[in-house]
Structures are given as structure tokens and as C-alpha cells.
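Chemist: Input: one structure, supplied below.
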Amino acid sequence: MEKVLEILGLRVYYELPQGTVKAVDGVDLDVFKGEILGIAGESGSGKSTLALTIAGLLRPPAKVISGKVLFRGIDILRLSNDELRSIRGRKIGIIFQDPVTYLNPIYTVGFQVGEVFEAHRGGKILKYLNEVINLFKAVKIGDPERRVYSYPHQLSGGMKQRVLISMAIAEKPELIVADEPTSALDVTIQAEIVELLNEIRKELNTSIVFITHDLALLLEIADRIAVMYAGKLVEVGKTYEIYKDPLHPYTKALISVLRYERKRRPTPIKGSIPSLINPPPGCRFHPRCPYVLPKCSQVDPKLVNVNGRYVSCLLVGGSDGGGS
Amino acid sequence: MTLVRYLVRRVYHSIPTLVGALLFIFILVRVLPGDPARLIAGPEALEEDVQRIREQLGLNKPIHTQFIDYVTAVLKGDFGRSIKFGTPVINEILFRLPYTIILALVAEAIAIAIALPLGIISALRPKSKTSYIASVISLIGASTPVFWIALILIYIFSVSLKLLPSSGADSPRHIILPAITLSLVLMGNLTRITRSSVIEVLSSNHVLTALAKGLKDRIVITRHVLKNALIPIITIMGLQVGNLLGGAVITETVFAWPGIGSLLIDAIFFRDYVLVQGIILFMVLVFIIVNIVVDVIYAYVDPRIRDVLWRMS
Amino acid sequence: MENELILKNLSEARKKQLIAMWEVFKSNRVAYTSLYVLLGLIGLVIVGLFYTPYNPYDFDLSRARQPPSLKHLLGTDELGRDILSRLMVGGRYTIGISFISVLLGSIIGSTLGLISGFFGGRIDTVIQRVVDVALAFPTVLLAIALMVSLGPGILSLIVAISISTFPTYTRLVRGVVLQVVNEDYIAAVKLLGKSSWYIMFRHVLPNVLSPIIVQTTYYLGFSILLASALGFLGLGVPPPIPEWGAMISTGRVYLFSSPHIVVFPGLFIMITALSFNLIGDGLRDALDPKSRMFLRRF
């Protein structure tokens, strides 16, 4: 299959006065053409940092320590500001979590969407009025001819999210990064937005990296799922495989919570996500792992291929992490 | 039109404040030591002359009638007659007002021309030399006595270098030192507010969206940072008119600049309380009006507030 | 009882918060140094209560307007009085008046703000109207008007400056109180059946304490400037009291020949106000961001 994005050994740290936050600490991941890749993780697992890195939007104090992010074979981490700008919004679109604060309150939404065309094609924004109206139709905003003149505060949350989505798809990008695009919305509107993203993927044959803490949502929409824990990927695989037979203890715990939700009280994962400043040694999940072995606190397991899936656990697939 | 309706509503809501201010000024003059009628008549005047003046001024009436008379007169634009000059107070004020307006405008222009770029640059490049200069200016503005700056400037530019005149208003060159002095009063605050306002907008999420669209940095800064940051800056400039008026009183006095600020201090030393009362009232009126105008501009620039306010009116 | 326990933990937490604030403040070099500079100045003024190199009121025209020398460290003024001695004595007026009046302004203003925010209703409306009127006057102008009306003197100055400063406190405290009143633990205290006044002073006031402290620091700097400006305009303390602003006022006639008469009092005013402002900045940075928004610096 055709790779759109290839992440190799990525480490992104935040240098803060309290210490170094290892938000993304050695991530390898591929995104294929036209697929929806879900990245699941609790808040504080580094998934938002990963999203910003892919979109080329990292700002200090975030710092890329090592690794490559190859978009169509070009490492976007090595691009100049101008080169990066021509990719942002044109080749890679991003949809953020909170539609309220991600729109500028003092401009009409039509203007703000038109800016995407202005940025990549030049000329006056008014010239692109028809394109913006068509985009609004595409994302199912009712009465688009009037809505383009609305200010963000005049729209509902779901409507604002549609505006943000229309921005992301304006230039028909090859890759869309959606960082918790539905978490700030009502459940019914969530479903509509998810459906919309799915349609867009089919229509434009765009790849979507869908980041969320909501694994159940990913089971519905994603083709493949990558599970992230404390700055590292613990398991990557096809959605139905992950659901049917989770390999990593963390994934197992997450899935069991979902599976037995109605039948009996699920056993929640004990403990909480570790600090990214001082992560536990060895496997980062070991303090919470029900199957923990003595070597888990010494050996940091690598992500290894097990029958076409990837998992990082000492219990699975004879991975001993090379004894490092 | 909604704008007019909002304006009317805003003015209507400042009426209690205005009446309160009138009452306060009225009381201030009543509690003054001494008898105003005796003051006007002079120490050698006969008791019957003093009595006549008292009746002319309405001082023999009950206090609440006096207040109502005072408010009615003010509403008609009658601020009373100056004790010292015998002319209507409003004429004295209007005669001196252009000087204060010119001084204030030049000072404000200097302050904006320096403070805005300084504040913006220091927000965008927090570790640069400009940022350092900005903090020094903002601290000096908040910590140095105006009259002292004025005297130091006079010493440097008039006494030592003999470059600029130190008092009066005879030529355009006369405005330079007072305007610089007064601008220093405003500059510190304006620099600080500009910087903090720009820093706040810079860290807001919609800037990230603007960057994600692939817009040029320059456009992101001007369109999505500066225009948003301008809104709180406008508010502060309205509040600063208070500092401007207060600063003008001191600056005009040091440089013998013939505006209403120095007129106020002169009036105080002539014990011309009618004039004092008139000038203070005038300045308070200006301050209230400017703040109404600022509110309207504010509502006009920010669509969120525009909607809420104009819908209510 | 559970509620009692919550309350106990709360006051512990607040104590910890103040200590944490102090720790952050101490790590701020500029602010910490300013504190020492200020303490040094205040020390000088305190020494001035018992000892000055010369009698600050003794004039001797034969030694008038001498530039700084070993005999007179900061020179002499137009009447031959030792400037350092005058500054040491004048400080008790300039700084003392500022302290007392800002303290008064903060107590009156904060109490009104507490009442206004806590009780709401008609009393809130009345207090806010009064504050509106006071804020309709530019601060310097209000102080000038009050000084004219009350006549020059130390007491008038204190009254004028406290009236000029109280409205900001009322606004500040009311804002924070409105934020705090809706929080759960206040409801918990109400359940215990304590009186409104008890709740207000015991549980609401501590919340607004840190922003009040920061605002007071700024206002101390500002009121030094205000007091000296009034002194300069001849509306402050009557001569021959060597209030710093008044010293500049009388010395300005000799600006051409003896600038030091004007320069040193000005420097003293500036250093004092600057220290207060830098300390205020340090305290503000140590304060949690939620309460920062109500602060006002000049």
C-alpha cells in the first residue's frame, strides 16, 4: 500500500523549568493512502503533541530531539518555514479539539475559511466567496450563502466544528490530522461529525489521522488503531484485530472495559498515567500492569512485528527488547 | 440605527454617575473654609455688600435649592462667573482649551508612536534588546514623578544645551518639552498593556488555526494577533485620558503652558473657587464622554460585544 | 465532622499557597533586590527619626546651594540646609503618608468590596454607584480637588489619597468575591450555620488577600508619586516640612545654577516608587493567574 506519512523514531520534548517533558518518546508509525488511522490514548499520553508535529505546528518550548516525519518522502521537520507553509493547509489539514477557541472571534467564518485559498492561491478573499459557499455545502452547513457572513459566536458548537473542517479540506489535502475533533461536542453532533469525516475520506481519498481518548469511537470509524501510552506506542494493528484479540495488557484493559460495559462492572486500570518528566524505568506500563514480570521494570520493550501487527510487550512475541 | 440606540442607552446609564459627580463637586466647594461671598467682595467690603453678593450667588437659599440651581445652570452650559476675572467660567475654559487639546494630542501621538511598536516587538521577541528597553520605559513611566522629569528635561535641553524653550507657548518649538514630558506619563502604561495584550493573543488557539492554514507569518501577526490585541489597548487608552488630564495639570504648570491644567492651579491660588469648580467639572465631563466613546468603539471592533450590547439596546 | 475537616484542610492549603507565593517571589532576583533597596531606604528614614547629620531646618545662607561634598554628601539647598538630612526627615512624611493613606484606602475599599460582592442587592448597587462616581474623576484630579477643599496639611493628604485609592480596591475585591462565593466550600461553611460576617472575614477575605497585597504594593508606589506631586503643586504638606515633592518645588527656581537641589529628592522618590513597582511585579508573577486579571498598575 501507498504510504502517505512515515514517522521514524520521533522524539519531541518540552524543556520546562520543572524538567524535561518527554511527550513523544520514540514513535514509529505509517499512515497509508485513504485510510483512517486512529490514535488512542489518555490525556497526557503525548497524542496532541504528535498531532502538532505532523501538522508542522510545533512551537517552543516543544523541541524535536530526534526522528523523521516523512510526508510523501519529504522530511517536514527539515523544511524551511516557507516550504512548510506551502504544505500546511494545502497538503496537510488539521482539525482541532475545541471549535470555540480555534476560530478568531472578530472575523466572519466565511472570511476565515477564504483565508486558506488566499494563502495558497493569492488574491482577494472575496474572490473565493463561491468556493467557500460550496465548501459549506460540502460540510452540510445549512443556508451557506448567509452563514459565510456569520461571526463564530453566532454559530453552535457543531456548526463551528464544521467550519473548521471546511478549512481543513478546502485545498483537498492528502492528509488530515484530527485532534479530538468531537470531544467538545454533544453525542448526537459527535456522530454527525464522525460521519462527515468518513464521507470526506471516501470522496477525496484523503488519509485521516484521528486522535482521541475515546477508543469506542475509533472502533467505529478507524481502519487501523495505534494505542499510545506515556509518549510511546504500545500496539498498532487493524481495528477488528485489536478489538478481537488485543495483545498488549494496556490495550486489553481498555478493550475489556468496553466489551463488558453493560454486562458487569469492568475492572478499571488501577493507578494513573505516569509523569512524562520522570517516566518509570523499563516498560512504562509496568507499575499498572496485571501481568507484570520482574524484568519489566528493567527492559524497555521495542515495538515488534507479531503476525502483521505491532506490539511492545515482553510477554508477547518473544520480544526481549534486545536486552538494552 | 442600532449604534445610535446603543449610544443613547450608554449616555442614559451614565446619568447617575454624572449627577453623583455634580453633587460631589458641589459639596467640595460648600465645605471650603471661609465665606465665598466675603472672598469675592474682598476683606474691606461692607457687610451689606457681602450680603448683596450672597444673594446674587444664591447662597442664602436652602442647600438643596442651591444644588438644583447649580445643576440647571450647568445643563444650560452656565458654569458661573470667575471671581478673579469676572468673566463667565466657560469662556475662560474655552479660551485655554485649545492649548490643552494640542498638548494632549501631540503627547498621545508620541506615546502611541513609540509605545505600540515597542510593546508589539517586545511581545514577539521577548528576549531582544527592544524588549529590555520596553520594560525599562514601562517601569520609568510608572515610577518617576512627572514634574521631576519635566525639570530634568528643562535642565538638559534648555539650561545645558540651550536647544529648546522651557516655558510659554509662543512658537511651535515651545510644545516639544511639555509634549515629551506628558507622553512619558502615558508611554509606560501603554507599552506594558500592548505587550501583555499581544502576548495573550499570541498564545491563543485561533492563532494556531491561522498558522495551520498556511498563512504568511506577517498576515497572521497583523490580522490575527494585532487586530485582536488592539481591543484591550483601546480600552486602556480611554482610561488613560484620566492620566492625561492629571498629567496635563502638572506638566502645564511646570512649563507655564497656558492650557486648562495650569488655569486650574492658578485658580486654586487665586482662591477663585467658581473657576476651580468649573474646570474640575469640565475635566470630569470630558473623561466621562471619552469613556462612552471608547465603549462604543470597543463594541464596534469586537463583534461579540457588538451583538450583545446592540441587541440589548 | 466532615465539613470541619474540609475547612481545616482549606486553611492549611491557603497557608501553603502564601508560602509558595513567597518562594516564587524570592527566586525573582530583581524583585528580591528591590525589597532590600526599599528596606534600606526605610531604614534611613527610621534613623532620621533619631539622628540626622545636620539639623534639617537650620538655615545658613553662607553655605547655601553647595554642591555635594564630603561635608554635605548631597549638598545644601537654597537656604543652606543639608539635603541628606532633609531627605531623611522628609521621608517620614512622603513614605509615612503614603503608607497610612493606602492602608486606609485598602481597608475601606476592601470592606466595601466584600460587602458589595457578598451581599449583593441594593447595598451592592449603592456601593457601586459611589465607586462609579469616584472613578469618574481622574485620580490626580480627584486628589487635587480634595486638597483644595480640605486645605493643605498632613491629615488632608491622608484623606485625599485614601479617597483616591479606595474605589479600585472595591472593584478588585468585589470581582474576586463574586468568583469565590459560588464555590463549593462556601456552601459547606454555610451548612455549618455560621454567620455571614464570620464567613466573609474568615473564608472569603483570605481568598482576596493576595491580590490585595499586590495591588497595595503598586498603590504604595503610586501614592508616593501622588503625594509628592501634590507637594510640588503646593497643595501638600505646608513648608518648612521637607516633604520630597515640596523640596523639588522650592528648589526648581535654582535649577539653572544648582540642579542637585532638584535631582536628589527626585531620585529618592523614583527609587522608592520603582522598588514598590518591582516588588509588585514580583508578587504578581507569584500570584495565581486567576486573581491576576483584576489588578491595575499605574
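Residues in the C-alpha cells are named by chain (A, B, ... in the order shown) and by number from 1 within that chain; ligands are numbered from 1 in the order shown.
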Could you write out, as a CSV table (one decimal) with C-alpha atoms, in the first residue's frame, all the residues of range 158-266 of chain A that DSSP marks as helix (DSSP H, G or I)?
Modeler:
```csv
chain,number,residue,atom,x,y,z
A,158,GLY,CA,-21.2,21.7,16.0
A,159,MET,CA,-21.5,24.3,13.3
A,160,LYS,CA,-18.2,25.8,14.3
A,161,GLN,CA,-16.6,22.4,14.1
A,162,ARG,CA,-18.0,22.1,10.5
A,163,VAL,CA,-16.4,25.4,9.7
A,164,LEU,CA,-13.1,24.2,11.0
A,165,ILE,CA,-13.4,21.0,9.0
A,166,SER,CA,-14.2,23.0,5.8
A,167,MET,CA,-11.0,24.9,6.4
A,168,ALA,CA,-9.1,21.7,6.7
A,169,ILE,CA,-10.5,20.2,3.5
A,187,VAL,CA,-23.1,13.0,21.5
A,188,THR,CA,-25.5,13.4,18.6
A,189,ILE,CA,-23.4,16.0,16.9
A,190,GLN,CA,-20.4,13.8,17.5
A,191,ALA,CA,-21.9,11.1,15.4
A,192,GLU,CA,-22.7,13.6,12.6
A,193,ILE,CA,-19.2,14.9,12.6
A,194,VAL,CA,-17.7,11.4,12.5
A,195,GLU,CA,-20.0,10.5,9.6
A,196,LEU,CA,-18.9,13.7,7.8
A,197,LEU,CA,-15.2,12.9,8.2
A,198,ASN,CA,-15.9,9.4,6.9
A,199,GLU,CA,-17.7,10.8,3.8
A,200,ILE,CA,-14.9,13.2,3.2
A,201,ARG,CA,-12.3,10.4,3.3
A,202,LYS,CA,-14.3,8.5,0.7
A,203,GLU,CA,-14.8,11.4,-1.6
A,204,LEU,CA,-11.3,12.9,-1.5
A,215,LEU,CA,-11.4,4.0,21.9
A,216,ALA,CA,-15.1,3.1,21.3
A,217,LEU,CA,-15.3,5.9,18.7
A,218,LEU,CA,-12.2,4.6,16.9
A,219,LEU,CA,-13.6,1.1,16.8
A,220,GLU,CA,-16.4,2.5,14.7
A,221,ILE,CA,-14.5,4.7,12.3
A,239,THR,CA,-9.2,-2.3,14.1
A,240,TYR,CA,-11.0,-5.6,14.1
A,241,GLU,CA,-7.9,-7.5,15.2
A,242,ILE,CA,-7.3,-5.1,18.0
A,243,TYR,CA,-10.9,-5.4,19.2
A,244,LYS,CA,-11.0,-9.2,18.8
A,249,PRO,CA,-2.0,-5.6,28.6
A,250,TYR,CA,-2.9,-1.9,28.3
A,251,THR,CA,-5.0,-2.4,25.2
A,252,LYS,CA,-6.5,-5.5,26.8
A,253,ALA,CA,-7.6,-3.4,29.7
A,254,LEU,CA,-9.1,-0.7,27.5
A,255,ILE,CA,-11.0,-3.2,25.4
A,256,SER,CA,-12.3,-5.2,28.3
A,257,VAL,CA,-13.7,-2.0,29.8
A,258,LEU,CA,-15.6,-1.5,26.5
A,259,ARG,CA,-16.6,-5.1,26.0
```
Chemist: Provide as a ChimeraX atom specification the residues of chain B at most 6 Å from chain C, counting only C-alpha atoms.
Modeler: /B:17,20-21,28,32,142-145,148,242,246,284
Chemist: May I have the residues from that selection written out with C-alpha atoms, as a short mmCIF file (atom, residue, chain, number, x, y, z; two decimals), in the first residue's frame?
Modeler:
```
data_model
loop_
_atom_site.label_atom_id
_atom_site.label_comp_id
_atom_site.auth_asym_id
_atom_site.auth_seq_id
_atom_site.Cartn_x
_atom_site.Cartn_y
_atom_site.Cartn_z
CA THR B 17 -22.65 58.89 37.71
CA GLY B 20 -23.09 61.97 41.64
CA ALA B 21 -20.09 63.81 40.27
CA LEU B 28 -16.45 70.15 47.79
CA LEU B 32 -14.43 75.11 51.78
CA ALA B 142 5.21 54.04 36.48
CA SER B 143 7.88 55.21 38.91
CA THR B 144 9.09 58.71 38.04
CA PRO B 145 7.41 61.90 39.18
CA TRP B 148 10.73 65.88 38.12
CA GLY B 242 -7.67 60.33 33.11
CA GLY B 246 -3.98 64.69 35.59
CA VAL B 284 -14.77 65.09 34.61
#
```
Chemist: What lies within 7 Å of Ile292 in chain B using only C-alpha atoms, ignoring chain neighbours under 4 positions off, as a VMD selection string?
Modeler: chain B and resid 10 288 296
Chemist: Could you take the residues named above and write them with C-alpha atoms, as a tab-separated table (two decimals), in the first residue's frame?
Modeler:
```
chain	number	residue	atom	x	y	z
B	10	ARG	CA	-24.95	54.32	27.23
B	288	ILE	CA	-16.95	60.54	31.10
B	296	VAL	CA	-18.79	52.47	21.55
```
Chemist: What residues in chain B lie within 12 Å of chain A, counting only C-alpha atoms, written as a JSON list (two decimals) with C-alpha atoms, in the first residue's frame?
Modeler:
```
[["chain", "number", "residue", "atom", "x", "y", "z"],
["B", 201, "VAL", "CA", -3.38, 36.79, 21.87],
["B", 202, "LEU", "CA", -0.22, 35.08, 20.57],
["B", 203, "SER", "CA", -0.83, 32.13, 22.85],
["B", 204, "SER", "CA", -4.49, 31.81, 21.90],
["B", 205, "ASN", "CA", -5.73, 28.89, 19.86],
["B", 206, "HIS", "CA", -7.07, 30.78, 16.87],
["B", 207, "VAL", "CA", -3.52, 31.85, 16.03],
["B", 208, "LEU", "CA", -2.67, 28.17, 15.69],
["B", 209, "THR", "CA", -5.56, 27.79, 13.25],
["B", 210, "ALA", "CA", -4.28, 30.74, 11.24],
["B", 211, "LEU", "CA", -0.83, 29.15, 11.06],
["B", 212, "ALA", "CA", -2.34, 25.80, 10.10],
["B", 213, "LYS", "CA", -3.96, 27.41, 7.07],
["B", 214, "GLY", "CA", -0.50, 28.21, 5.73],
["B", 215, "LEU", "CA", -0.91, 31.98, 6.02],
["B", 216, "LYS", "CA", 2.24, 34.09, 5.92],
["B", 217, "ASP", "CA", 3.62, 34.99, 9.35],
["B", 218, "ARG", "CA", 3.17, 38.66, 8.57],
["B", 219, "ILE", "CA", -0.53, 38.18, 7.87],
["B", 220, "VAL", "CA", -1.00, 36.02, 10.94],
["B", 223, "ARG", "CA", -4.63, 40.10, 11.02],
["B", 224, "HIS", "CA", -4.96, 37.54, 13.78],
["B", 225, "VAL", "CA", -2.76, 38.90, 16.56],
["B", 226, "LEU", "CA", -2.56, 42.68, 16.37],
["B", 227, "LYS", "CA", -6.17, 43.37, 15.48],
["B", 228, "ASN", "CA", -7.37, 41.20, 18.35],
["B", 229, "ALA", "CA", -4.84, 42.75, 20.71],
["B", 230, "LEU", "CA", -5.96, 46.24, 19.79],
["B", 231, "ILE", "CA", -9.29, 45.81, 21.55],
["B", 298, "TYR", "CA", -14.93, 48.82, 21.67],
["B", 299, "ALA", "CA", -18.38, 47.48, 20.87],
["B", 300, "TYR", "CA", -17.82, 48.32, 17.24],
["B", 301, "VAL", "CA", -14.50, 46.48, 16.95],
["B", 302, "ASP", "CA", -15.49, 43.33, 18.80],
["B", 303, "PRO", "CA", -18.44, 41.58, 17.12],
["B", 304, "ARG", "CA", -19.22, 39.53, 20.22],
["B", 305, "ILE", "CA", -19.79, 42.61, 22.33],
["B", 306, "ARG", "CA", -21.43, 44.46, 19.45],
["B", 307, "ASP", "CA", -24.06, 41.76, 19.23],
["B", 308, "VAL", "CA", -24.79, 41.55, 22.91]]
```
Chemist: Give me, as a CSV table (one decimal) with C-alpha atoms, in the first residue's frame, all polymer residues having an atom no more than 7 Å from Tyr310 in chain A, counting only C-alpha atoms and skipping those fewer than 5 positions away in the same chain.
Modeler:
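Contents of out.csv, freshly written:
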```csv
chain,number,residue,atom,x,y,z
A,235,GLU,CA,0.2,-1.5,20.0
A,236,VAL,CA,-0.6,-0.9,16.3
A,237,GLY,CA,-3.0,-3.0,14.3
A,303,LEU,CA,7.6,-2.3,19.1
A,304,VAL,CA,7.9,-5.6,17.2
A,305,ASN,CA,6.0,-7.2,14.3
```
Chemist: Against range 92-102 of chain C, which residues of range 189-292 of chain C fall within 8 Å? For each one I want the closest pair of atoms and the distance in Å (one decimal), counting only C-alpha atoms, rows by chain and increasing residue number, as CSV.
Modeler:
```
residue,atom,partner,partner_atom,distance
C:Thr216,CA,C:Val102,CA,7.0
C:Tyr219,CA,C:Val102,CA,6.8
C:Leu220,CA,C:Ser98,CA,6.1
C:Ser223,CA,C:Ser98,CA,5.5
C:Ile224,CA,C:Ser98,CA,5.7
C:Ala227,CA,C:Thr94,CA,6.6
C:Ser228,CA,C:Thr94,CA,6.8
C:Glu243,CA,C:Thr94,CA,5.8
C:Trp244,CA,C:Thr94,CA,6.4
```
Chemist: Generate the output file for the selected residues, N, CA and C atoms, as an mmCIF file, in the first residue's frame.
Modeler:
```cif
data_model
loop_
_atom_site.group_PDB
_atom_site.id
_atom_site.type_symbol
_atom_site.label_atom_id
_atom_site.label_comp_id
_atom_site.auth_asym_id
_atom_site.auth_seq_id
_atom_site.Cartn_x
_atom_site.Cartn_y
_atom_site.Cartn_z
ATOM 1 N N THR C 216 -1.822 46.681 46.701
ATOM 2 C CA THR C 216 -1.321 47.640 47.674
ATOM 3 C C THR C 216 0.117 48.026 47.378
ATOM 4 N N TYR C 219 0.016 50.463 44.639
ATOM 5 C CA TYR C 219 -0.541 51.732 45.084
ATOM 6 C C TYR C 219 0.421 52.497 45.976
ATOM 7 N N LEU C 220 1.266 51.779 46.726
ATOM 8 C CA LEU C 220 2.255 52.468 47.545
ATOM 9 C C LEU C 220 3.187 53.262 46.641
ATOM 10 N N SER C 223 1.140 56.189 45.231
ATOM 11 C CA SER C 223 0.780 57.261 46.162
ATOM 12 C C SER C 223 1.993 58.086 46.556
ATOM 13 N N ILE C 224 3.198 57.482 46.496
ATOM 14 C CA ILE C 224 4.418 58.267 46.707
ATOM 15 C C ILE C 224 4.480 59.358 45.634
ATOM 16 N N ALA C 227 1.551 61.885 46.336
ATOM 17 C CA ALA C 227 1.826 62.773 47.462
ATOM 18 C C ALA C 227 2.871 63.812 47.087
ATOM 19 N N SER C 228 3.914 63.366 46.375
ATOM 20 C CA SER C 228 4.962 64.322 46.028
ATOM 21 C C SER C 228 4.477 65.302 44.967
ATOM 22 N N GLU C 243 8.995 67.650 52.837
ATOM 23 C CA GLU C 243 8.393 66.575 52.048
ATOM 24 C C GLU C 243 9.123 66.585 50.701
ATOM 25 N N TRP C 244 9.374 65.380 50.136
ATOM 26 C CA TRP C 244 10.257 65.292 48.981
ATOM 27 C C TRP C 244 9.769 66.109 47.778
#
```
Chemist: Please list as number ranges by chain every residue within 12 Å of Lys232 in chain A, counting only C-alpha atoms and excluding residues in the same chain fewer than 5 positions away.
Modeler: A: 9-12, 22-29, 39-42, 44-47, 49-50, 226-227, 276, 279, 283-285, 300-303, 311-313
Chemist: Looking at only C-alpha atoms, which of B:Leu177, B:Leu139, B:Leu275, B:Ile297 is the one that sits closest to Tyr155 in chain B?
Modeler: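 Among the listed residues, B:Leu177 lies closest to Tyr155 in chain B.
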Chemist: Neighbouring residues of Asp285 in chain C were defined as those with any atom within 9 Å, considering only C-alpha atoms; residues of the same chain fewer than 5 positions away were excluded. Please report them as a PyMOL selection string.
Modeler: chain C and resi 21+24-25+280+292
Chemist: For Phe119 in chain C, work out the shell of residues within 12 Å, counting only C-alpha atoms and skipping chain neighbours fewer than 2 positions away, then give it as a PyMOL selection string.
Modeler: chain C and resi 111-117+121-127+174+177-178+181+196-197+199-200
Chemist: So the first atom is CA of Val132 in chain A and the second is CA of Phe71 in chain A; what is the distance between them in Å, to one decimal place?
Modeler: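 These atoms are spaced 27.1 Å apart.
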